[in-house]
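Novice: So that you have it, the file is input_3.cif, and it contains mmCIF, C-alpha atoms:
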data_input
#
loop_
_atom_site.label_atom_id
_atom_site.label_comp_id
_atom_site.auth_asym_id
_atom_site.auth_seq_id
_atom_site.Cartn_x
_atom_site.Cartn_y
_atom_site.Cartn_z
CA MET S 2 -53.80 31.03 -4.96
CA LYS S 3 -54.27 27.98 -2.79
CA LEU S 4 -51.95 25.10 -1.96
CA HIS S 5 -53.71 22.65 -4.27
CA GLN S 6 -53.20 25.02 -7.17
CA THR S 7 -49.39 25.04 -6.92
CA SER S 8 -47.30 22.85 -9.23
CA PRO S 9 -43.62 22.52 -10.04
CA PRO S 10 -42.27 24.22 -13.19
CA ALA S 11 -43.02 22.43 -16.44
CA GLY S 12 -40.46 19.72 -17.25
CA SER S 13 -38.89 19.55 -13.77
CA ASN S 14 -40.83 16.48 -12.62
CA LYS S 15 -41.10 13.59 -15.06
CA ALA S 16 -43.86 11.07 -14.47
CA ARG S 17 -42.56 7.58 -13.72
CA ARG S 18 -43.14 4.87 -16.30
CA ARG S 19 -46.05 2.63 -15.27
CA VAL S 20 -45.36 -0.85 -16.61
CA GLY S 21 -47.30 -4.10 -16.39
CA ARG S 22 -50.81 -2.63 -16.77
CA GLY S 23 -52.28 -5.11 -19.21
CA THR S 24 -51.47 -6.46 -22.63
CA GLY S 25 -53.06 -3.57 -24.50
CA GLY S 26 -50.22 -1.13 -23.78
CA ARG S 27 -46.66 -1.11 -24.97
CA ARG S 28 -45.21 -2.11 -21.58
CA GLY S 29 -47.74 -4.77 -20.70
CA LYS S 30 -47.47 -8.50 -19.96
CA THR S 31 -43.74 -9.04 -19.33
CA ALA S 32 -43.20 -5.28 -18.79
CA GLY S 33 -40.00 -5.07 -20.81
CA ARG S 34 -38.26 -7.90 -18.93
CA GLY S 35 -38.20 -10.43 -21.74
CA THR S 36 -39.43 -13.98 -21.23
CA LYS S 37 -38.54 -16.00 -18.15
CA GLY S 38 -35.00 -16.13 -16.79
CA THR S 39 -33.40 -14.52 -13.77
CA GLY S 40 -33.87 -10.95 -14.98
CA ALA S 41 -37.63 -11.46 -15.27
CA ARG S 42 -38.00 -12.88 -11.77
CA ASP S 43 -36.15 -10.34 -9.61
CA THR S 44 -34.02 -13.08 -8.04
CA VAL S 45 -30.48 -11.94 -8.94
CA LYS S 46 -28.34 -12.54 -5.87
CA PRO S 47 -26.05 -9.75 -4.71
CA GLY S 48 -22.59 -10.36 -6.12
CA PHE S 49 -23.82 -12.65 -8.90
CA GLU S 50 -21.63 -12.18 -11.98
CA GLY S 51 -23.48 -14.16 -14.62
CA GLY S 52 -21.87 -17.51 -13.93
CA GLN S 53 -18.34 -16.12 -13.61
CA LEU S 54 -16.76 -16.99 -10.26
CA PRO S 55 -17.78 -14.07 -8.03
CA LEU S 56 -15.20 -11.68 -6.68
CA ALA S 57 -15.89 -12.75 -3.10
CA GLN S 58 -14.82 -16.28 -4.04
CA ARG S 59 -11.85 -15.24 -6.18
CA VAL S 60 -10.00 -13.13 -3.60
CA PRO S 61 -7.67 -14.80 -1.07
CA LYS S 62 -9.09 -15.04 2.42
CA LEU S 63 -5.90 -14.61 4.46
CA LYS S 64 -5.38 -11.38 6.38
CA GLY S 65 -3.14 -8.83 4.73
CA PHE S 66 -0.74 -9.41 1.89
CA ARG S 67 2.98 -9.64 1.24
CA ASN S 68 4.38 -6.66 -0.64
CA PRO S 69 6.75 -7.97 -3.32
CA PHE S 70 8.45 -4.56 -3.60
CA ARG S 71 9.22 -4.13 0.10
CA VAL S 72 12.70 -2.85 0.91
CA SER S 73 13.90 -4.21 4.25
CA TYR S 74 16.78 -2.60 6.10
CA ALA S 75 19.07 -3.95 8.79
CA VAL S 76 18.74 -1.42 11.61
CA VAL S 77 21.71 -0.12 13.60
CA ASN S 78 21.25 2.40 16.43
CA LEU S 79 23.78 4.99 17.57
CA ASP S 80 24.23 3.46 21.02
CA THR S 81 25.11 0.14 19.34
CA LEU S 82 27.69 1.89 17.16
CA ASP S 83 29.13 3.66 20.20
CA GLN S 84 29.41 0.56 22.41
CA ARG S 85 29.93 -2.43 20.11
CA PHE S 86 31.70 -0.99 17.06
CA GLU S 87 35.44 -0.41 17.09
CA GLY S 88 36.72 1.77 14.28
CA SER S 89 36.36 5.21 12.79
CA GLU S 90 34.45 4.33 9.61
CA ALA S 91 31.14 2.41 9.68
CA THR S 92 30.15 0.91 6.33
CA PRO S 93 27.88 -2.08 5.62
CA ALA S 94 30.98 -4.25 5.12
CA THR S 95 32.64 -3.21 8.40
CA LEU S 96 29.35 -3.55 10.29
CA ALA S 97 28.93 -7.06 8.86
CA SER S 98 32.47 -8.04 9.89
CA ALA S 99 31.69 -6.73 13.41
CA GLY S 100 28.57 -8.93 13.48
CA LEU S 101 26.06 -6.08 13.74
CA VAL S 102 24.33 -6.79 10.41
CA LYS S 103 24.23 -9.66 7.94
CA LYS S 104 26.54 -9.60 4.96
CA GLY S 105 25.02 -7.89 1.92
CA SER S 106 22.06 -6.32 3.75
CA LEU S 107 20.85 -2.76 3.34
CA VAL S 108 21.74 -0.69 6.44
CA LYS S 109 19.70 2.05 8.09
CA VAL S 110 21.06 4.07 11.03
CA LEU S 111 18.55 5.14 13.70
CA GLY S 112 19.01 7.73 16.44
CA ARG S 113 18.54 5.80 19.70
CA GLY S 114 21.26 6.68 22.20
CA GLU S 115 24.20 9.05 21.91
CA LEU S 116 27.44 8.94 19.94
CA GLY S 117 30.48 9.87 22.03
CA ARG S 118 33.12 9.99 19.28
CA PRO S 119 33.40 11.24 15.71
CA LEU S 120 32.47 8.53 13.26
CA GLN S 121 32.31 8.38 9.48
CA VAL S 122 29.08 6.54 8.68
CA ARG S 123 28.17 5.26 5.22
CA ALA S 124 24.80 3.52 4.97
CA HIS S 125 21.77 3.21 2.70
CA ALA S 126 19.39 5.23 4.91
CA VAL S 127 19.43 7.37 8.05
CA SER S 128 16.86 8.95 10.33
CA ALA S 129 16.91 12.72 10.88
CA THR S 130 17.76 12.29 14.57
CA ALA S 131 20.69 10.01 13.80
CA ARG S 132 22.09 12.42 11.22
CA THR S 133 22.01 15.39 13.61
CA ARG S 134 23.62 13.35 16.43
CA ILE S 135 26.38 12.01 14.16
CA GLU S 136 27.19 15.52 12.96
CA ALA S 137 27.00 16.90 16.53
CA ALA S 138 29.62 14.34 17.59
CA GLY S 139 31.93 15.60 14.81
CA GLY S 140 31.28 12.75 12.38
CA THR S 141 30.00 12.65 8.82
CA PHE S 142 27.27 10.69 7.06
CA GLU S 143 27.09 9.52 3.46
CA ILE S 144 24.07 7.84 1.89
CA LEU S 145 25.00 4.88 -0.31
CA PRO S 146 22.97 4.25 -3.49
CA GLU S 147 20.50 1.38 -3.49
CA PRO S 148 21.93 -1.70 -5.26
CA PHE S 149 18.80 -2.09 -7.39
CA GLY S 150 19.17 1.41 -8.85
CA HIS S 151 16.63 4.19 -9.04
CA GLY S 152 12.96 3.40 -8.35
CA ARG S 153 11.71 0.21 -6.78
CA PRO S 154 13.48 -3.09 -6.17
CA PRO S 155 12.94 -6.20 -8.27
CA VAL S 156 9.69 -8.11 -7.85
CA ARG S 157 11.10 -10.69 -5.44
CA GLY S 158 11.58 -7.96 -2.83
CA ASN S 159 14.93 -6.94 -1.47
CA ALA S 160 17.45 -8.11 -4.07
CA LEU S 161 20.18 -8.68 -1.49
CA THR S 162 18.34 -10.57 1.24
CA ASN S 163 16.59 -13.10 -1.03
CA ARG S 164 19.71 -14.99 -2.09
#
Take the structure in the file and give it back as C-alpha coordinates.
Specialist:
Amino acid sequence: MKLHQTSPPAGSNKARRRVGRGTGGRRGKTAGRGTKGTGARDTVKPGFEGGQLPLAQRVPKLKGFRNPFRVSYAVVNLDTLDQRFEGSEATPATLASAGLVKKGSLVKVLGRGELGRPLQVRAHAVSATARTRIEAAGGTFEILPEPFGHGRPPVRGNALTNR
(Lines of atoms letter the chains of each structure in order from A and count residues from 1; the text may use other names and numbers.)
(Lines give C-alpha, C1' and ligand atoms only; values in the text may rest on other atoms or scores of the structure.)
Protein backbone atom coordinates (compact mmCIF):
# COMPACT_ATOMS: atom_id res chain seq x y z
CA MET A 1 0.00 0.00 0.00
CA LYS A 2 1.28 3.43 -0.91
CA LEU A 3 0.35 6.88 0.37
CA HIS A 4 -1.69 7.78 -2.71
CA GLN A 5 -3.80 4.69 -2.21
CA THR A 6 -5.03 5.68 1.27
CA SER A 7 -8.46 7.27 1.72
CA PRO A 8 -10.66 8.14 4.67
CA PRO A 9 -13.50 5.76 5.61
CA ALA A 10 -16.57 5.96 3.42
CA GLY A 11 -18.99 8.69 4.52
CA SER A 12 -16.56 10.53 6.81
CA ASN A 13 -15.64 13.25 4.30
CA LYS A 14 -18.47 14.85 2.36
CA ALA A 15 -17.59 16.66 -0.84
CA ARG A 16 -18.36 20.37 -0.71
CA ARG A 17 -21.15 21.69 -2.91
CA ARG A 18 -19.74 23.38 -6.02
CA VAL A 19 -22.13 26.15 -7.01
CA GLY A 20 -22.08 28.67 -9.84
CA ARG A 21 -20.68 26.38 -12.55
CA GLY A 22 -22.96 27.33 -15.42
CA THR A 23 -26.66 27.44 -16.11
CA GLY A 24 -26.92 23.77 -17.02
CA GLY A 25 -26.70 22.54 -13.42
CA ARG A 26 -29.10 22.93 -10.56
CA ARG A 27 -26.93 25.44 -8.69
CA GLY A 28 -25.90 27.55 -11.65
CA LYS A 29 -26.37 31.23 -12.53
CA THR A 30 -27.37 32.85 -9.22
CA ALA A 31 -26.08 29.82 -7.25
CA GLY A 32 -29.02 29.64 -4.88
CA ARG A 33 -28.79 33.30 -3.81
CA GLY A 34 -31.98 34.51 -5.43
CA THR A 35 -32.02 37.58 -7.65
CA LYS A 36 -30.19 40.76 -6.73
CA GLY A 37 -30.36 42.24 -3.24
CA THR A 38 -27.86 42.33 -0.40
CA GLY A 39 -27.78 38.57 0.11
CA ALA A 40 -26.75 38.01 -3.51
CA ARG A 41 -23.90 40.51 -3.38
CA ASP A 42 -22.00 39.49 -0.24
CA THR A 43 -22.17 43.06 1.12
CA VAL A 44 -24.00 42.55 4.44
CA LYS A 45 -22.26 44.76 6.99
CA PRO A 46 -21.34 43.25 10.35
CA GLY A 47 -24.07 44.09 12.83
CA PHE A 48 -26.69 44.79 10.15
CA GLU A 49 -30.11 43.74 11.43
CA GLY A 50 -32.28 44.07 8.34
CA GLY A 51 -33.19 47.72 8.79
CA GLN A 52 -33.87 47.45 12.52
CA LEU A 53 -31.75 49.86 14.54
CA PRO A 54 -28.60 47.84 15.28
CA LEU A 55 -27.74 46.84 18.81
CA ALA A 56 -24.59 48.98 18.79
CA GLN A 57 -26.79 52.04 18.24
CA ARG A 58 -29.53 51.02 20.67
CA VAL A 59 -27.38 50.55 23.78
CA PRO A 60 -26.48 53.55 25.96
CA LYS A 61 -22.92 54.74 25.57
CA LEU A 62 -22.20 55.89 29.13
CA LYS A 63 -19.83 53.85 31.27
CA GLY A 64 -21.45 51.49 33.73
CA PHE A 65 -25.03 51.51 34.89
CA ARG A 66 -27.09 52.37 37.95
CA ASN A 67 -28.47 49.33 39.74
CA PRO A 68 -32.10 50.06 40.65
CA PHE A 69 -32.07 47.31 43.31
CA ARG A 70 -28.97 48.51 45.17
CA VAL A 71 -29.23 48.50 48.95
CA SER A 72 -27.10 51.27 50.47
CA TYR A 73 -26.12 51.22 54.12
CA ALA A 74 -24.97 54.00 56.42
CA VAL A 75 -21.67 52.70 57.80
CA VAL A 76 -20.69 53.01 61.47
CA ASN A 77 -17.33 51.71 62.73
CA LEU A 78 -16.58 50.43 66.22
CA ASP A 79 -14.11 53.21 67.02
CA THR A 80 -16.83 55.76 66.17
CA LEU A 81 -19.27 53.99 68.50
CA ASP A 82 -16.65 53.90 71.25
CA GLN A 83 -15.63 57.58 71.01
CA ARG A 84 -18.68 59.51 69.78
CA PHE A 85 -21.66 57.49 71.03
CA GLU A 86 -22.90 57.89 74.59
CA GLY A 87 -25.28 55.19 75.73
CA SER A 88 -25.53 51.45 76.22
CA GLU A 89 -27.86 50.59 73.33
CA ALA A 90 -27.05 51.53 69.71
CA THR A 91 -30.05 51.38 67.37
CA PRO A 92 -30.62 53.24 64.09
CA ALA A 93 -32.83 55.74 65.94
CA THR A 94 -30.28 56.44 68.70
CA LEU A 95 -27.44 56.67 66.16
CA ALA A 96 -29.50 59.17 64.14
CA SER A 97 -30.21 61.29 67.23
CA ALA A 98 -26.44 61.26 67.97
CA GLY A 99 -25.79 62.50 64.42
CA LEU A 100 -23.83 59.44 63.27
CA VAL A 101 -26.31 58.41 60.55
CA LYS A 102 -29.23 60.02 58.76
CA LYS A 103 -32.73 59.40 60.03
CA GLY A 104 -34.37 56.35 58.45
CA SER A 105 -31.22 54.93 56.87
CA LEU A 106 -30.15 51.30 56.94
CA VAL A 107 -27.19 50.83 59.32
CA LYS A 108 -24.21 48.51 58.92
CA VAL A 109 -21.58 48.14 61.67
CA LEU A 110 -17.98 47.59 60.54
CA GLY A 111 -15.03 46.41 62.63
CA ARG A 112 -12.48 49.25 62.41
CA GLY A 113 -11.07 50.06 65.85
CA GLU A 114 -11.81 48.54 69.24
CA LEU A 115 -14.80 48.67 71.55
CA GLY A 116 -13.86 49.36 75.17
CA ARG A 117 -17.26 48.85 76.82
CA PRO A 118 -20.19 46.45 76.53
CA LEU A 119 -22.74 47.73 74.06
CA GLN A 120 -26.06 46.40 72.82
CA VAL A 121 -26.04 46.97 69.06
CA ARG A 122 -29.10 46.60 66.84
CA ALA A 123 -28.51 47.25 63.14
CA HIS A 124 -29.45 45.94 59.70
CA ALA A 125 -26.05 44.39 58.91
CA VAL A 126 -22.70 43.67 60.56
CA SER A 127 -19.28 42.50 59.46
CA ALA A 128 -17.80 39.35 61.00
CA THR A 129 -14.97 41.33 62.62
CA ALA A 130 -17.38 43.78 64.21
CA ARG A 131 -19.54 40.98 65.61
CA THR A 132 -16.60 39.22 67.25
CA ARG A 133 -15.26 42.49 68.74
CA ILE A 134 -18.69 43.50 70.10
CA GLU A 135 -19.11 40.10 71.75
CA ALA A 136 -15.50 40.16 73.05
CA ALA A 137 -16.26 43.48 74.77
CA GLY A 138 -19.25 41.87 76.52
CA GLY A 139 -21.92 43.34 74.25
CA THR A 140 -24.61 41.78 72.10
CA PHE A 141 -25.66 42.21 68.48
CA GLU A 142 -29.09 41.87 66.91
CA ILE A 143 -29.79 42.04 63.19
CA LEU A 144 -32.89 44.08 62.36
CA PRO A 145 -35.11 42.97 59.45
CA GLU A 146 -34.94 44.94 56.22
CA PRO A 147 -37.88 47.37 55.92
CA PHE A 148 -38.68 46.16 52.39
CA GLY A 149 -39.16 42.57 53.57
CA HIS A 150 -37.62 39.41 52.24
CA GLY A 151 -35.83 39.49 48.87
CA ARG A 152 -34.83 42.63 47.05
CA PRO A 153 -35.85 46.24 47.62
CA PRO A 154 -38.35 48.10 45.46
CA VAL A 155 -37.26 49.19 41.99
CA ARG A 156 -36.36 52.74 42.99
CA GLY A 157 -33.49 51.40 45.11
CA ASN A 158 -33.29 51.80 48.84
CA ALA A 159 -36.86 52.48 49.96
CA LEU A 160 -35.77 54.61 52.90
CA THR A 161 -33.16 56.89 51.34
CA ASN A 162 -35.20 57.88 48.25
CA ARG A 163 -37.83 59.92 50.08
Novice: When distances are computed from all atoms listed in the file, which of S:Arg113, S:Arg42, S:Lys62, S:His125 shows the smallest separation from S:Tyr74?
Specialist: S:His125
Novice: What lies within 10 Å of stretch 130-139 of chain S using only C-alpha atoms, ignoring chain neighbours under 3 positions off, as a list in words?
Specialist: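 Surrounding residues, per the criterion: Asn78, Leu79, Lys109, Val110, Leu111, Gly112, Arg113, Gly114, Glu115, Leu116, Gly117, Arg118, Pro119, Leu120, Gln121, Val122, Ala126, Val127, Phe142 and Glu143 of chain S.
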Novice: Go ahead and dump the residues you just picked, C-alpha atoms, as an mmCIF file, keeping the file's coordinate frame.
Specialist:
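See again-v7.cif below for the written result:
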data_model
loop_
_atom_site.group_PDB
_atom_site.id
_atom_site.type_symbol
_atom_site.label_atom_id
_atom_site.label_comp_id
_atom_site.auth_asym_id
_atom_site.auth_seq_id
_atom_site.Cartn_x
_atom_site.Cartn_y
_atom_site.Cartn_z
ATOM 1 C CA ASN S 78 21.250 2.400 16.430
ATOM 2 C CA LEU S 79 23.780 4.990 17.570
ATOM 3 C CA LYS S 109 19.700 2.050 8.090
ATOM 4 C CA VAL S 110 21.060 4.070 11.030
ATOM 5 C CA LEU S 111 18.550 5.140 13.700
ATOM 6 C CA GLY S 112 19.010 7.730 16.440
ATOM 7 C CA ARG S 113 18.540 5.800 19.700
ATOM 8 C CA GLY S 114 21.260 6.680 22.200
ATOM 9 C CA GLU S 115 24.200 9.050 21.910
ATOM 10 C CA LEU S 116 27.440 8.940 19.940
ATOM 11 C CA GLY S 117 30.480 9.870 22.030
ATOM 12 C CA ARG S 118 33.120 9.990 19.280
ATOM 13 C CA PRO S 119 33.400 11.240 15.710
ATOM 14 C CA LEU S 120 32.470 8.530 13.260
ATOM 15 C CA GLN S 121 32.310 8.380 9.480
ATOM 16 C CA VAL S 122 29.080 6.540 8.680
ATOM 17 C CA ALA S 126 19.390 5.230 4.910
ATOM 18 C CA VAL S 127 19.430 7.370 8.050
ATOM 19 C CA PHE S 142 27.270 10.690 7.060
ATOM 20 C CA GLU S 143 27.090 9.520 3.460
#
Novice: I'd like the interatomic distance between atom CA of S:Gly150 and atom CA of S:Glu90, to a tenth of an Å.
Specialist: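 Atom CA of S:Glu90 lies at a distance of 24.1 Å from atom CA of S:Gly150.
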Novice: When you draw a straight line from atom CA of S:Ala91 to atom CA of S:Ser106, how long is it in Å?
Specialist: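 Distance reported for this atom pair: 13.9 Å.
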Novice: Assuming the chain letters and numbering stay as they are in my file, what does the PyMOL selection byres ((chain S and resi 99-102) around 10) actually select? List them as a ChimeraX atom specification.
Specialist: /S:74-77,81-82,85-88,91,93-98,103-108
Novice: Mind giving me the straight-line distance from atom CA of S:Thr44 to atom CA of S:Arg28 in Å, one decimal?
Specialist: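 Result for atom CA of S:Thr44 versus atom CA of S:Arg28: 20.7 Å, one decimal.
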Novice: Considering only C-alpha atoms, can you say which of S:Gly33, S:Gly38, S:Val156, S:Gln6 comes closest to S:Arg18?
Specialist: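 Of the candidates, the smallest distance to S:Arg18 is held by S:Gly33.
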Novice: For S:Gly21, which residue among S:Phe49, S:Arg34, S:Val72, S:Asp83 is the nearest when counting all atoms listed in the file?
Specialist: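 Among S:Phe49, S:Arg34, S:Val72, S:Asp83, it is S:Arg34 that comes nearest to S:Gly21.
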